[in-house]
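Student: Just data-v8.pdb, nothing more (PDB, C-alpha atoms and all ligand atoms):
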ATOM      1  CA  MET A  88       0.000   0.000   0.000  1.00  0.00           C
ATOM      2  CA  THR A  89       1.181   3.505  -0.759  1.00  0.00           C
ATOM      3  CA  PRO A  90       1.087   6.208   1.965  1.00  0.00           C
ATOM      4  CA  ARG A  91      -2.078   7.530   0.335  1.00  0.00           C
ATOM      5  CA  GLU A  92      -3.740   4.075   0.518  1.00  0.00           C
ATOM      6  CA  ILE A  93      -2.594   3.645   4.144  1.00  0.00           C
ATOM      7  CA  ALA A  94      -4.150   7.021   4.963  1.00  0.00           C
ATOM      8  CA  ALA A  95      -7.421   5.906   3.353  1.00  0.00           C
ATOM      9  CA  LEU A  96      -7.307   2.597   5.251  1.00  0.00           C
ATOM     10  CA  LEU A  97      -6.641   4.376   8.569  1.00  0.00           C
ATOM     11  CA  ALA A  98      -9.504   6.790   7.890  1.00  0.00           C
ATOM     12  CA  TYR A  99     -11.782   3.784   7.363  1.00  0.00           C
ATOM     13  CA  ILE A 100     -10.469   2.094  10.543  1.00  0.00           C
ATOM     14  CA  GLY A 101     -10.971   5.365  12.484  1.00  0.00           C
ATOM     15  CA  ARG A 102     -14.667   5.129  11.658  1.00  0.00           C
ATOM     16  CA  LEU A 103     -14.832   1.527  12.964  1.00  0.00           C
ATOM     17  CA  ASP A 104     -12.759   2.265  16.074  1.00  0.00           C
ATOM     18  CA  PRO A 105     -12.474   5.896  17.293  1.00  0.00           C
ATOM     19  CA  ARG A 106      -9.565   4.829  19.534  1.00  0.00           C
ATOM     20  CA  LEU A 107      -7.349   4.790  16.432  1.00  0.00           C
ATOM     21  CA  ALA A 108      -8.501   8.115  15.010  1.00  0.00           C
ATOM     22  CA  ARG A 109      -5.769  10.785  15.244  1.00  0.00           C
ATOM     23  CA  SER A 110      -6.832  14.435  15.155  1.00  0.00           C
ATOM     24  CA  ASP A 111      -3.296  15.788  15.600  1.00  0.00           C
ATOM     25  CA  GLN A 112      -1.575  16.237  12.214  1.00  0.00           C
ATOM     26  CA  ALA A 113       1.874  15.088  13.425  1.00  0.00           C
ATOM     27  CA  GLU A 114       0.464  12.030  15.195  1.00  0.00           C
ATOM     28  CA  ALA A 115      -1.557  11.070  12.121  1.00  0.00           C
ATOM     29  CA  GLY A 116       1.594  11.386   9.976  1.00  0.00           C
ATOM     30  CA  ALA A 117       3.598   9.152  12.330  1.00  0.00           C
ATOM     31  CA  GLN A 118       0.802   6.566  12.346  1.00  0.00           C
ATOM     32  CA  ILE A 119       0.718   6.482   8.535  1.00  0.00           C
ATOM     33  CA  ASP A 120       4.525   6.112   8.418  1.00  0.00           C
ATOM     34  CA  GLN A 121       4.460   3.219  10.883  1.00  0.00           C
ATOM     35  CA  TRP A 122       1.677   1.334   9.051  1.00  0.00           C
ATOM     36  CA  GLN A 123       3.194   1.975   5.639  1.00  0.00           C
ATOM     37  CA  GLU A 124       6.582   0.659   6.785  1.00  0.00           C
ATOM     38  CA  LEU A 125       4.950  -2.611   7.905  1.00  0.00           C
ATOM     39  CA  LEU A 126       2.363  -3.032   5.133  1.00  0.00           C
ATOM     40  CA  ALA A 127       4.233  -1.746   2.082  1.00  0.00           C
ATOM     41  CA  ASP A 128       4.008  -5.223   0.451  1.00  0.00           C
ATOM     42  CA  VAL A 129       0.307  -5.692   1.141  1.00  0.00           C
ATOM     43  CA  PRO A 130      -2.032  -4.390  -1.576  1.00  0.00           C
ATOM     44  CA  MET A 131      -5.157  -2.412  -0.727  1.00  0.00           C
ATOM     45  CA  ALA A 132      -7.292  -4.678  -2.937  1.00  0.00           C
ATOM     46  CA  THR A 133      -6.890  -7.255  -5.704  1.00  0.00           C
ATOM     47  CA  PRO A 134      -9.360  -8.193  -8.462  1.00  0.00           C
ATOM     48  CA  TYR A 135      -9.758 -11.629  -6.795  1.00  0.00           C
ATOM     49  CA  GLY A 136     -11.118 -11.306  -3.319  1.00  0.00           C
ATOM     50  CA  TRP A 137      -8.523  -9.486  -1.214  1.00  0.00           C
ATOM     51  CA  ASP A 138      -9.409  -6.158   0.407  1.00  0.00           C
ATOM     52  CA  ALA A 139      -7.488  -4.683   3.352  1.00  0.00           C
ATOM     53  CA  ARG A 140     -10.698  -2.951   4.525  1.00  0.00           C
ATOM     54  CA  THR A 141     -12.460  -6.333   4.710  1.00  0.00           C
ATOM     55  CA  ALA A 142      -9.570  -7.667   6.832  1.00  0.00           C
ATOM     56  CA  ALA A 143      -9.955  -4.659   9.173  1.00  0.00           C
ATOM     57  CA  ARG A 144     -13.714  -5.151   9.412  1.00  0.00           C
ATOM     58  CA  GLU A 145     -13.304  -8.876  10.123  1.00  0.00           C
ATOM     59  CA  HIS A 146     -10.814  -8.026  12.898  1.00  0.00           C
ATOM     60  CA  TYR A 147     -13.423  -5.883  14.649  1.00  0.00           C
ATOM     61  CA  GLN A 148     -16.106  -8.513  14.136  1.00  0.00           C
ATOM     62  CA  LEU A 149     -14.061 -10.919  16.257  1.00  0.00           C
ATOM     63  CA  SER A 150     -11.861  -8.820  18.539  1.00  0.00           C
ATOM     64  CA  PRO A 151     -12.459  -6.052  21.097  1.00  0.00           C
ATOM     65  CA  TYR A 152      -8.830  -4.886  20.795  1.00  0.00           C
ATOM     66  CA  PRO A 153      -7.553  -2.013  18.631  1.00  0.00           C
ATOM     67  CA  ILE A 154      -6.265  -3.260  15.279  1.00  0.00           C
ATOM     68  CA  LEU A 155      -2.512  -3.597  14.627  1.00  0.00           C
ATOM     69  CA  PRO A 156      -0.711  -3.785  11.249  1.00  0.00           C
ATOM     70  CA  ALA A 157      -0.216  -7.508  11.956  1.00  0.00           C
ATOM     71  CA  ASP A 158      -4.004  -7.937  11.845  1.00  0.00           C
ATOM     72  CA  ILE A 159      -3.835  -6.968   8.158  1.00  0.00           C
ATOM     73  CA  GLY A 160      -0.518  -8.708   7.431  1.00  0.00           C
ATOM     74  CA  ARG A 161      -1.603 -12.094   8.813  1.00  0.00           C
ATOM     75  CA  PRO A 162      -4.800 -12.449   6.736  1.00  0.00           C
ATOM     76  CA  TRP A 163      -2.828 -11.323   3.662  1.00  0.00           C
ATOM     77  CA  THR A 164      -0.283 -14.122   4.226  1.00  0.00           C
ATOM     78  CA  ALA A 165      -3.126 -16.638   4.685  1.00  0.00           C
ATOM     79  CA  TYR A 166      -4.797 -15.369   1.487  1.00  0.00           C
ATOM     80  CA  LYS A 167      -1.563 -15.855  -0.480  1.00  0.00           C
ATOM     81  CA  ARG A 168      -0.944 -19.324   0.997  1.00  0.00           C
ATOM     82  CA  ASP A 169      -4.474 -20.470   0.198  1.00  0.00           C
ATOM     83  CA  ARG A 170      -4.193 -19.322  -3.408  1.00  0.00           C
ATOM     84  CA  ILE A 171      -0.816 -20.903  -4.033  1.00  0.00           C
ATOM     85  CA  GLN A 172      -2.061 -24.204  -2.562  1.00  0.00           C
ATOM     86  CA  ARG A 173      -4.943 -24.214  -5.056  1.00  0.00           C
ATOM     87  CA  HIS A 174      -2.638 -23.369  -7.948  1.00  0.00           C
ATOM     88  CA  HIS A 175      -1.285 -26.072 -10.263  1.00  0.00           C
ATOM     89  CA  ASP A 176       1.425 -24.790 -12.574  1.00  0.00           C
ATOM     90  CA  PRO A 177       0.042 -24.623 -16.085  1.00  0.00           C
ATOM     91  CA  LEU A 178       2.332 -25.533 -18.979  1.00  0.00           C
ATOM     92  CA  PRO A 179       4.479 -22.432 -19.704  1.00  0.00           C
ATOM     93  CA  SER A 180       4.247 -20.976 -23.186  1.00  0.00           C
ATOM     94  CA  ALA A 181       8.034 -20.501 -23.213  1.00  0.00           C
ATOM     95  CA  ASP A 182      10.278 -22.803 -25.265  1.00  0.00           C
ATOM     96  CA  PRO A 183      10.960 -25.912 -23.079  1.00  0.00           C
ATOM     97  CA  GLU A 184      14.578 -25.898 -24.369  1.00  0.00           C
ATOM     98  CA  ASP A 185      15.077 -22.459 -22.818  1.00  0.00           C
ATOM     99  CA  SER A 186      15.065 -23.552 -19.185  1.00  0.00           C
ATOM    100  CA  GLU A 187      15.684 -20.037 -17.872  1.00  0.00           C
ATOM    101  CA  ALA A 188      12.657 -18.559 -19.638  1.00  0.00           C
ATOM    102  CA  TRP A 189      10.614 -21.645 -18.690  1.00  0.00           C
ATOM    103  CA  ALA A 190      11.423 -21.289 -14.968  1.00  0.00           C
ATOM    104  CA  ALA A 191      10.954 -17.516 -15.071  1.00  0.00           C
ATOM    105  CA  GLU A 192       7.470 -17.931 -16.508  1.00  0.00           C
ATOM    106  CA  LEU A 193       6.499 -20.454 -13.804  1.00  0.00           C
ATOM    107  CA  VAL A 194       7.766 -18.089 -11.084  1.00  0.00           C
ATOM    108  CA  ARG A 195       5.966 -15.103 -12.668  1.00  0.00           C
ATOM    109  CA  THR A 196       2.678 -17.023 -12.830  1.00  0.00           C
ATOM    110  CA  ARG A 197       2.967 -18.196  -9.226  1.00  0.00           C
ATOM    111  CA  ALA A 198       3.768 -14.675  -8.013  1.00  0.00           C
ATOM    112  CA  ALA A 199       0.752 -13.293  -9.896  1.00  0.00           C
ATOM    113  CA  VAL A 200      -1.486 -15.955  -8.328  1.00  0.00           C
ATOM    114  CA  ALA A 201      -0.096 -15.391  -4.833  1.00  0.00           C
ATOM    115  CA  THR A 202      -0.473 -11.610  -4.996  1.00  0.00           C
ATOM    116  CA  GLY A 203      -4.010 -11.938  -6.292  1.00  0.00           C
ATOM    117  CA  THR A 204      -3.570 -10.508  -9.808  1.00  0.00           C
ATOM    118  CA  ALA A 205      -4.257 -13.891 -11.473  1.00  0.00           C
ATOM    119  CA  GLN A 206      -6.583 -16.769 -10.606  1.00  0.00           C
ATOM    120  CA  PRO A 207      -5.117 -20.122  -9.478  1.00  0.00           C
ATOM    121  CA  ALA A 208      -4.947 -22.619 -12.353  1.00  0.00           C
ATOM    122  CA  PRO A 209      -6.940 -25.779 -11.543  1.00  0.00           C
ATOM    123  CA  LEU A 210      -5.682 -29.312 -12.133  1.00  0.00           C
ATOM    124  CA  ARG A 211      -5.912 -29.957 -15.841  1.00  0.00           C
ATOM    125  CA  GLN A 212      -7.390 -33.433 -15.397  1.00  0.00           C
ATOM    126  CA  LEU A 213     -10.403 -31.982 -13.613  1.00  0.00           C
ATOM    127  CA  VAL A 214     -11.361 -29.567 -16.360  1.00  0.00           C
ATOM    128  CA  ALA A 215     -10.138 -31.233 -19.547  1.00  0.00           C
ATOM    129  CA  ALA A 216     -13.255 -31.539 -21.685  1.00  0.00           C
ATOM    130  CA  PRO A 217     -11.683 -33.421 -24.627  1.00  0.00           C
ATOM    131  CA  GLU A 218     -10.987 -36.551 -22.506  1.00  0.00           C
ATOM    132  CA  GLY A 219     -14.574 -36.476 -21.224  1.00  0.00           C
ATOM    133  CA  GLN A 220     -15.879 -36.233 -24.767  1.00  0.00           C
ATOM    134  CA  GLN A 221     -13.668 -39.109 -25.855  1.00  0.00           C
ATOM    135  CA  GLN A 222     -15.067 -41.187 -23.020  1.00  0.00           C
ATOM    136  CA  GLU A 223     -18.630 -40.405 -24.161  1.00  0.00           C
ATOM    137  CA  ARG A 224     -17.722 -41.403 -27.694  1.00  0.00           C
ATOM    138  CA  ARG A 225     -16.112 -44.675 -26.535  1.00  0.00           C
ATOM    139  CA  ARG A 226     -19.200 -45.503 -24.496  1.00  0.00           C
ATOM    140  CA  ALA A 227     -21.485 -44.671 -27.414  1.00  0.00           C
ATOM    141  CA  GLU A 228     -19.441 -46.950 -29.688  1.00  0.00           C
ATOM    142  CA  GLY A 229     -19.624 -49.792 -27.193  1.00  0.00           C
ATOM    143  CA  GLU A 230     -15.936 -49.600 -26.339  1.00  0.00           C
ATOM    144  CA  SER A 231     -14.564 -49.726 -22.804  1.00  0.00           C
ATOM    145  CA  CYS A 232     -14.780 -46.366 -21.070  1.00  0.00           C
ATOM    146  CA  ILE A 233     -11.244 -46.935 -19.734  1.00  0.00           C
ATOM    147  CA  PRO A 234      -8.860 -44.935 -21.961  1.00  0.00           C
ATOM    148  CA  PRO A 235      -6.584 -47.199 -24.053  1.00  0.00           C
ATOM    149  CA  ALA A 236      -3.423 -46.007 -22.265  1.00  0.00           C
ATOM    150  CA  ALA A 237      -4.897 -46.781 -18.840  1.00  0.00           C
ATOM    151  CA  ARG A 238      -6.220 -50.139 -20.045  1.00  0.00           C
ATOM    152  CA  HIS A 239      -2.731 -51.036 -21.168  1.00  0.00           C
ATOM    153  CA  LEU A 240      -1.383 -50.267 -17.663  1.00  0.00           C
ATOM    154  CA  LEU A 241      -4.179 -52.279 -16.049  1.00  0.00           C
ATOM    155  CA  ALA A 242      -3.606 -55.325 -18.266  1.00  0.00           C
ATOM    156  CA  ARG A 243      -1.484 -57.240 -15.727  1.00  0.00           C
ATOM    157  CA  PHE A 244      -4.218 -56.890 -13.106  1.00  0.00           C
ATOM    158  CA  ARG A 245      -6.900 -58.252 -15.437  1.00  0.00           C
ATOM    159  CA  PRO A 246      -4.964 -60.738 -17.602  1.00  0.00           C
ATOM    160  CA  ALA A 247      -7.967 -62.752 -18.808  1.00  0.00           C
ATOM    161  CA  LEU A 248      -9.889 -59.715 -20.009  1.00  0.00           C
ATOM    162  CA  ALA A 249      -6.762 -58.171 -21.529  1.00  0.00           C
ATOM    163  CA  ALA A 250      -6.107 -61.428 -23.418  1.00  0.00           C
ATOM    164  CA  ARG A 251      -9.721 -61.405 -24.635  1.00  0.00           C
ATOM    165  CA  GLU A 252      -9.439 -57.816 -25.895  1.00  0.00           C
ATOM    166  CA  ALA A 253      -6.169 -58.621 -27.648  1.00  0.00           C
ATOM    167  CA  ALA A 254      -7.682 -61.725 -29.298  1.00  0.00           C
ATOM    168  CA  VAL A 255     -10.754 -59.838 -30.492  1.00  0.00           C
ATOM    169  CA  ALA A 256      -8.522 -57.048 -31.807  1.00  0.00           C
ATOM    170  CA  ARG A 257      -6.620 -59.701 -33.813  1.00  0.00           C
ATOM    171  CA  GLY A 258      -9.933 -60.844 -35.301  1.00  0.00           C
ATOM    172  CA  GLU A 259      -9.996 -64.173 -33.422  1.00  0.00           C
ATOM    173  CA  ILE A 260     -13.092 -65.811 -31.973  1.00  0.00           C
ATOM    174  CA  ASP A 261     -14.333 -64.247 -28.735  1.00  0.00           C
ATOM    175  CA  ILE A 262     -14.155 -67.215 -26.329  1.00  0.00           C
ATOM    176  CA  LEU A 263     -15.405 -65.175 -23.370  1.00  0.00           C
ATOM    177  CA  GLY A 264     -18.424 -64.115 -25.441  1.00  0.00           C
ATOM    178  CA  VAL A 265     -20.236 -67.340 -24.403  1.00  0.00           C
ATOM    179  CA  ASP A 266     -21.106 -68.735 -20.953  1.00  0.00           C
ATOM    180  CA  CYS A 267     -18.807 -71.419 -19.543  1.00  0.00           C
ATOM    181  CA  GLU A 268     -20.573 -74.719 -18.882  1.00  0.00           C
ATOM    182  CA  GLN A 269     -17.794 -75.980 -16.639  1.00  0.00           C
ATOM    183  CA  CYS A 270     -17.314 -73.170 -14.112  1.00  0.00           C
ATOM    184  CA  GLY A 271     -20.527 -71.252 -14.757  1.00  0.00           C
ATOM    185  CA  ALA A 272     -18.785 -67.978 -15.679  1.00  0.00           C
ATOM    186  CA  SER A 273     -21.242 -65.824 -17.612  1.00  0.00           C
ATOM    187  CA  ALA A 274     -20.391 -64.183 -20.931  1.00  0.00           C
ATOM    188  CA  GLY A 275     -17.827 -61.437 -20.487  1.00  0.00           C
ATOM    189  CA  ARG A 276     -16.439 -62.886 -17.230  1.00  0.00           C
ATOM    190  CA  PRO A 277     -13.217 -64.912 -17.071  1.00  0.00           C
ATOM    191  CA  CYS A 278     -13.289 -68.595 -16.168  1.00  0.00           C
ATOM    192  CA  ARG A 279     -12.575 -69.361 -12.555  1.00  0.00           C
ATOM    193  CA  VAL A 280     -11.578 -72.228 -10.276  1.00  0.00           C
ATOM    194  CA  ARG A 281     -12.136 -72.694  -6.600  1.00  0.00           C
ATOM    195  CA  ARG A 282      -9.103 -71.760  -4.545  1.00  0.00           C
ATOM    196  CA  ILE A 283      -8.163 -74.285  -1.881  1.00  0.00           C
ATOM    197  CA  GLU A 284      -5.918 -73.280   1.005  1.00  0.00           C
ATOM    198  CA  HIS A 285      -4.941 -75.805   3.700  1.00  0.00           C
ATOM    199  CA  GLY A 286      -7.748 -78.057   2.457  1.00  0.00           C
ATOM    200  CA  PHE A 287     -10.463 -75.390   2.713  1.00  0.00           C
ATOM    201  CA  PRO A 288     -12.094 -73.473  -0.111  1.00  0.00           C
ATOM    202  CA  ARG A 289     -11.035 -69.812  -0.093  1.00  0.00           C
ATOM    203  CA  GLY A 290     -13.097 -68.045  -2.740  1.00  0.00           C
ATOM    204  CA  THR A 291     -12.243 -68.352  -6.423  1.00  0.00           C
ATOM    205  CA  ARG A 292      -9.308 -67.617  -8.655  1.00  0.00           C
ATOM    206  CA  GLN A 293      -9.623 -66.301 -12.210  1.00  0.00           C
ATOM    207  CA  LEU A 294      -8.036 -68.235 -15.052  1.00  0.00           C
ATOM    208  CA  VAL A 295      -6.210 -66.499 -17.862  1.00  0.00           C
ATOM    209  CA  ASP A 296      -7.006 -69.379 -20.249  1.00  0.00           C
ATOM    210  CA  PRO A 297     -10.703 -70.231 -20.515  1.00  0.00           C
ATOM    211  CA  HIS A 298     -11.889 -73.821 -19.961  1.00  0.00           C
ATOM    212  CA  ALA A 299     -11.552 -76.060 -23.008  1.00  0.00           C
ATOM    213  CA  CYS A 300     -15.322 -76.704 -23.198  1.00  0.00           C
ATOM    214  CA  ARG A 301     -15.944 -72.950 -23.373  1.00  0.00           C
ATOM    215  CA  ARG A 302     -13.405 -72.641 -26.158  1.00  0.00           C
ATOM    216  CA  ASN A 303     -15.161 -75.451 -28.082  1.00  0.00           C
ATOM    217  CA  LEU A 304     -18.579 -73.893 -27.534  1.00  0.00           C
ATOM    218  CA  ALA A 305     -17.408 -70.498 -28.809  1.00  0.00           C
ATOM    219  CA  HIS A 306     -15.904 -72.080 -31.933  1.00  0.00           C
ATOM    220  CA  GLN A 307     -19.084 -74.113 -32.486  1.00  0.00           C
ATOM    221  CA  ARG A 308     -21.256 -70.992 -32.212  1.00  0.00           C
ATOM    222  CA  ALA A 309     -18.985 -69.095 -34.595  1.00  0.00           C
ATOM    223  CA  ALA A 310     -19.154 -71.960 -37.093  1.00  0.00           C
ATOM    224  CA  ASN A 311     -22.976 -72.153 -36.868  1.00  0.00           C
ATOM    225  CA  HIS A 312     -23.173 -68.412 -37.288  1.00  0.00           C
ATOM    226  CA  ALA A 313     -21.034 -68.539 -40.424  1.00  0.00           C
ATOM    227  CA  GLN A 314     -23.268 -71.243 -41.932  1.00  0.00           C
ATOM    228  CA  GLN A 315     -26.479 -69.339 -41.356  1.00  0.00           C
ATOM    229  CA  PRO A 316     -27.794 -67.765 -44.550  1.00  0.00           C
ATOM    230  CA  THR A 317     -27.847 -64.000 -44.306  1.00  0.00           C
ATOM    231  CA  THR A 318     -31.398 -62.765 -44.278  1.00  0.00           C
ATOM    232  CA  VAL A 319     -32.373 -59.287 -45.347  1.00  0.00           C
TER     233      VAL A 319
HETATM  234 ZN    ZN B   1     -14.919 -71.972 -17.234  1.00  0.00          ZN
END
In structure tokens, what does this structure look like?

Tutor:
Amino acid sequence: MTPREIAALLAYIGRLDPRLARSDQAEAGAQIDQWQELLADVPMATPYGWDARTAAREHYQLSPYPILPADIGRPWTAYKRDRIQRHHDPLPSADPEDSEAWAAELVRTRAAVATGTAQPAPLRQLVAAPEGQQQERRRAEGESCIPPAARHLLARFRPALAAREAAVARGEIDILGVDCEQCGASAGRPCRVRRIEHGFPRGTRQLVDPHACRRNLAHQRAANHAQQPTTV
């Protein structure tokens, strides 16, 4: 705040708390000097929610004591901390090869966010519309709503389904497309066997390779299907 802004702030505070009002010219000057020395870095107001007068008013809403410069400085520090915590560095527009310009842009953006002249940038994943649209499209086309890259990473945790997807992609017969008569797995679910531990059944375990009878059934169905005359 400039001396002029400090004077305006103190005039406002004097209306809230007559104890701080100074009628003597010299005393008023000394008070402005003291406050300006301590609050030179704190802006009067920013376009995004900070106002020193609001901080002063909130002080008197909660405290019976005369306000001190620290009662403006502390909320300002909290305001900055809150904003920087909500900020996620956006990709700089500078050339990534020019590391100095790249870092300078990140620092500039953070400073602008902290001092309230720019809004914090949200996490890109939360706002990225294109990925959401792609997901809608995949759902509409009957594909998995898991993005291909994520599905690839998940493959080792769902080996049977990953093997099925790979086989279908290669144009092979979809074994898991039929129910299994041996283990009772329904279409789309991997075959399973009962897991025995220390002689007791402990749930089931999924098999990567489907039961042979299921494989035969799927091939049989595919063969029947191919023989059927196409009707219009
Ligand atoms: Zn089975």

Student: Counting all atoms listed in the file, what are the residues, protein, DNA or RNA alike, that approach ligand ZN 1 (chain B) to within 7 Å? I want them as a ChimeraX atom specification.

Tutor: /A:267-272,278-279,297-298,301

Student: Next, the residues of the selection above should be written as a PDB file, keeping the file's coordinate frame with C-alpha atoms.

Tutor:
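Dumped to part-v9.pdb:
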ATOM      1  CA  CYS A 267     -18.807 -71.419 -19.543  1.00  0.00           C
ATOM      2  CA  GLU A 268     -20.573 -74.719 -18.882  1.00  0.00           C
ATOM      3  CA  GLN A 269     -17.794 -75.980 -16.639  1.00  0.00           C
ATOM      4  CA  CYS A 270     -17.314 -73.170 -14.112  1.00  0.00           C
ATOM      5  CA  GLY A 271     -20.527 -71.252 -14.757  1.00  0.00           C
ATOM      6  CA  ALA A 272     -18.785 -67.978 -15.679  1.00  0.00           C
ATOM      7  CA  CYS A 278     -13.289 -68.595 -16.168  1.00  0.00           C
ATOM      8  CA  ARG A 279     -12.575 -69.361 -12.555  1.00  0.00           C
ATOM      9  CA  PRO A 297     -10.703 -70.231 -20.515  1.00  0.00           C
ATOM     10  CA  HIS A 298     -11.889 -73.821 -19.961  1.00  0.00           C
ATOM     11  CA  ARG A 301     -15.944 -72.950 -23.373  1.00  0.00           C
TER      12      ARG A 301
END

Student: Using only C-alpha atoms, which protein or nucleic acid residues come within 12 Å of Arg91 in chain A? Drop anything in the same chain fewer than 2 positions from it, and give the result as JSON, numbers by chain.

Tutor: {"A": [88, 89, 93, 94, 95, 96, 97, 98, 116, 119, 120, 122, 123, 127, 131]}

Student: Excluding Arg308 in chain A and any residue of its chain fewer than 4 positions from it, enumerate the residues within 12 Å of it, using all atoms listed in the file, and give them as JSON, numbers by chain.

Tutor: {"A": [260, 261, 262, 264, 265, 266, 301, 302, 303, 304, 312, 313, 314, 315]}

Student: For Val200 in chain A, list every protein, DNA or RNA residue within 12 Å, evaluated using all atoms listed in the file, and leave out those in the same chain fewer than 5 positions away; present the list as a PyMOL selection string.

Tutor: chain A and resi 133-137+166-177+193-195+205-209

Student: Could you check how far CA of Thr141 in chain A sits from CA of Asp111 in chain A, in Å to one decimal?

Tutor: 26.3 Å

Student: Provide the CA of Ala201 in chain A to CA of Pro153 in chain A distance in Å, to one decimal place.

Tutor: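 CA of Ala201 in chain A sits 28.0 Å away from CA of Pro153 in chain A.
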
Student: Find, counting only C-alpha atoms, the residue in A:Gly101, A:Gly258, A:Pro162, A:Gly203 that gets nearest to Ala132 in chain A.

Tutor: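 The answer is A:Gly203, which sits nearest to Ala132 in chain A.
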